[in-house]
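S.K.: Mind looking over this structure? Questions follow.
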Amino acid sequence: ETGVTQTPRHLVMGMTNKKSLKCEQHLGHNAMYWYKQSAKKPLELMFVYNFKEQTENNSVPSRFSPECPNSSHLFLHLHTLQPEDSALYLCASSQDLREDEQYFGPGTRLTVT
Amino acid sequence: RKEVEQDPGPFNVPEGATVAFNCTYSNSASQSFFWYRQDCRKEPKLLMSVYSSGNEDGRFTAQLNRASQYISLLIRDSKLSDSATYLCVARGSSASKIIFGSGTRLSIRP
């Protein structure tokens, strides 16, 4: 399925690096989300965008910086990360914020060394 | 206390068995509830929504008990392909108030 794509699928970066994660949805949805999934922990909602506007920032450290240039694309810019930021970062989309079903991308497996 | 709590399992049951999971939520203002399925190294996918009246989709039945603040998922005649982690989700007044449980791991053996 190619409804929601994410690149890269795997990323290893040092604590001083700057990198970006990309998400693209081909479903015509208006809401997009970033989640973090760490081992043995539940998915944590990080950011929510609706019609390109950020509607939610769940106390995420500033070393994570989201960008939503249009309703189809979502980025997560990373800088000066910590080893504990290593996790699976999942992007999701839904028709809008009222729509229940979210479609997830395959995720980016991030390792911070 | 976790906002959404699930028994992590693993549940290891034989093919053809019936298995049930429960999930409790702490926020009485939660409005919508869902079960997602996540296969190993894959993304979560919606399995079914959970309605107050209960709902059934083939071999899967989901129920909601608002008074006791728990939801359940029943799988009948389990198949090998049902092996996965099942995530319980509670949602508040908007899609941005979504809380996932840690998941219950199910393993079906031949």
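Within each chain, counting starts at residue 1; across the structure tokens, chains are named A, B, ... in the order shown, with ligands numbered 1 upward in that order.
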Do a neighbour search on Arg105 (chain B) at 9 Å with only C-alpha atoms, toss out local chain neighbours closer than 5 positions, and write the hits as a tab-separated table (two decimals) with C-alpha atoms, in the first residue's frame.
M.R.:
```
chain	number	residue	atom	x	y	z
B	7	ASP	CA	-2.38	-6.42	29.50
B	8	PRO	CA	0.85	-6.69	27.48
B	9	GLY	CA	0.57	-10.47	27.14
B	10	PRO	CA	1.80	-12.36	25.30
B	11	PHE	CA	-1.32	-14.42	24.81
B	12	ASN	CA	-0.34	-17.72	23.25
B	83	SER	CA	-0.86	-13.10	15.42
B	84	ALA	CA	-0.04	-9.43	16.02
B	85	THR	CA	-0.06	-6.73	18.66
B	86	TYR	CA	-3.49	-5.23	19.33
B	87	LEU	CA	-3.56	-1.57	20.32
```
S.K.: Using only C-alpha atoms, determine which residues of chain B fall within 6 Å of chain A; present them as a list of chain:residue names.
M.R.: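 Going by the stated atoms only, the list reads B:Glu43, B:Ala95, B:Phe100, B:Gly101, B:Ser102.
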S.K.: Running DSSP on the backbone, which parts of chain B land in strand (DSSP E or B), as number ranges by chain?
M.R.: B: 4-6, 11-14, 19-25, 32-38, 44-50, 55-57, 60-65, 70-75, 84-91, 98-100, 104-109
S.K.: Near region 62-78 of chain B, counting only C-alpha atoms, which residues have an atom at most 8 Å away, once you skip same-chain residues fewer than 2 positions from it, shown as a PyMOL selection string?
M.R.: chain B and resi 14-26+28+33+35+48-56+59-60+80+82+108
S.K.: Write out as number ranges by chain which residues come within 9 Å of Glu67 (chain A) when counting only C-alpha atoms, dropping same-chain ones fewer than 5 positions away.
M.R.: A: 52, 54, 73-77
S.K.: Save the residues we just selected, N, CA and C atoms, as a compact mmCIF listing (two decimals), in the first residue's frame?
M.R.:
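Writing the result to result-v5.txt gives the following:
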```txt
# COMPACT_ATOMS: atom_id res chain seq x y z
N LYS A 52 -2.67 22.36 7.02
CA LYS A 52 -1.33 22.94 7.10
C LYS A 52 -1.07 23.71 8.40
N GLN A 54 -0.63 23.96 12.47
CA GLN A 54 -0.36 23.10 13.62
C GLN A 54 -1.44 23.32 14.67
N HIS A 73 2.19 16.94 2.51
CA HIS A 73 3.56 16.73 2.97
C HIS A 73 3.76 17.18 4.40
N LEU A 74 4.54 16.40 5.10
CA LEU A 74 4.87 16.71 6.49
C LEU A 74 6.32 16.34 6.72
N PHE A 75 7.04 17.24 7.38
CA PHE A 75 8.45 16.99 7.67
C PHE A 75 8.67 17.04 9.18
N LEU A 76 9.70 16.35 9.61
CA LEU A 76 10.14 16.46 11.00
C LEU A 76 11.64 16.71 10.96
N HIS A 77 12.02 17.93 11.30
CA HIS A 77 13.44 18.31 11.28
C HIS A 77 14.04 17.99 12.64
```
S.K.: So how many Å separate CA of Ser38 (chain A) and CA of Gly103 (chain B), to one decimal?
M.R.: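 Rounded to one decimal, the two atoms are 12.3 Å apart.
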S.K.: Kindly indicate which residue among B:Asn27, B:Thr104, B:Thr61, B:Ser93 lies nearest to Asp39 (chain B), using only C-alpha atoms for the distances.
M.R.: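 Going through B:Asn27, B:Thr104, B:Thr61, B:Ser93 one by one, the smallest distance to Asp39 (chain B) is for B:Thr104.
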S.K.: Record the distance separating CA of Ser30 (chain B) and CA of Val60 (chain A), expressed in Å with one decimal.
M.R.: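 For CA of Ser30 (chain B) relative to CA of Val60 (chain A), the distance reads 22.5 Å.
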S.K.: When you draw a straight line from CA of Thr108 (chain A) to CA of Glu24 (chain A), how long is it in Å?
M.R.: 12.7 Å
S.K.: Between A:Thr5, A:Asn30, A:Thr111, A:Ser93, which one has atoms that come closest to Leu78 (chain A), using only C-alpha atoms?
M.R.: A:Thr111
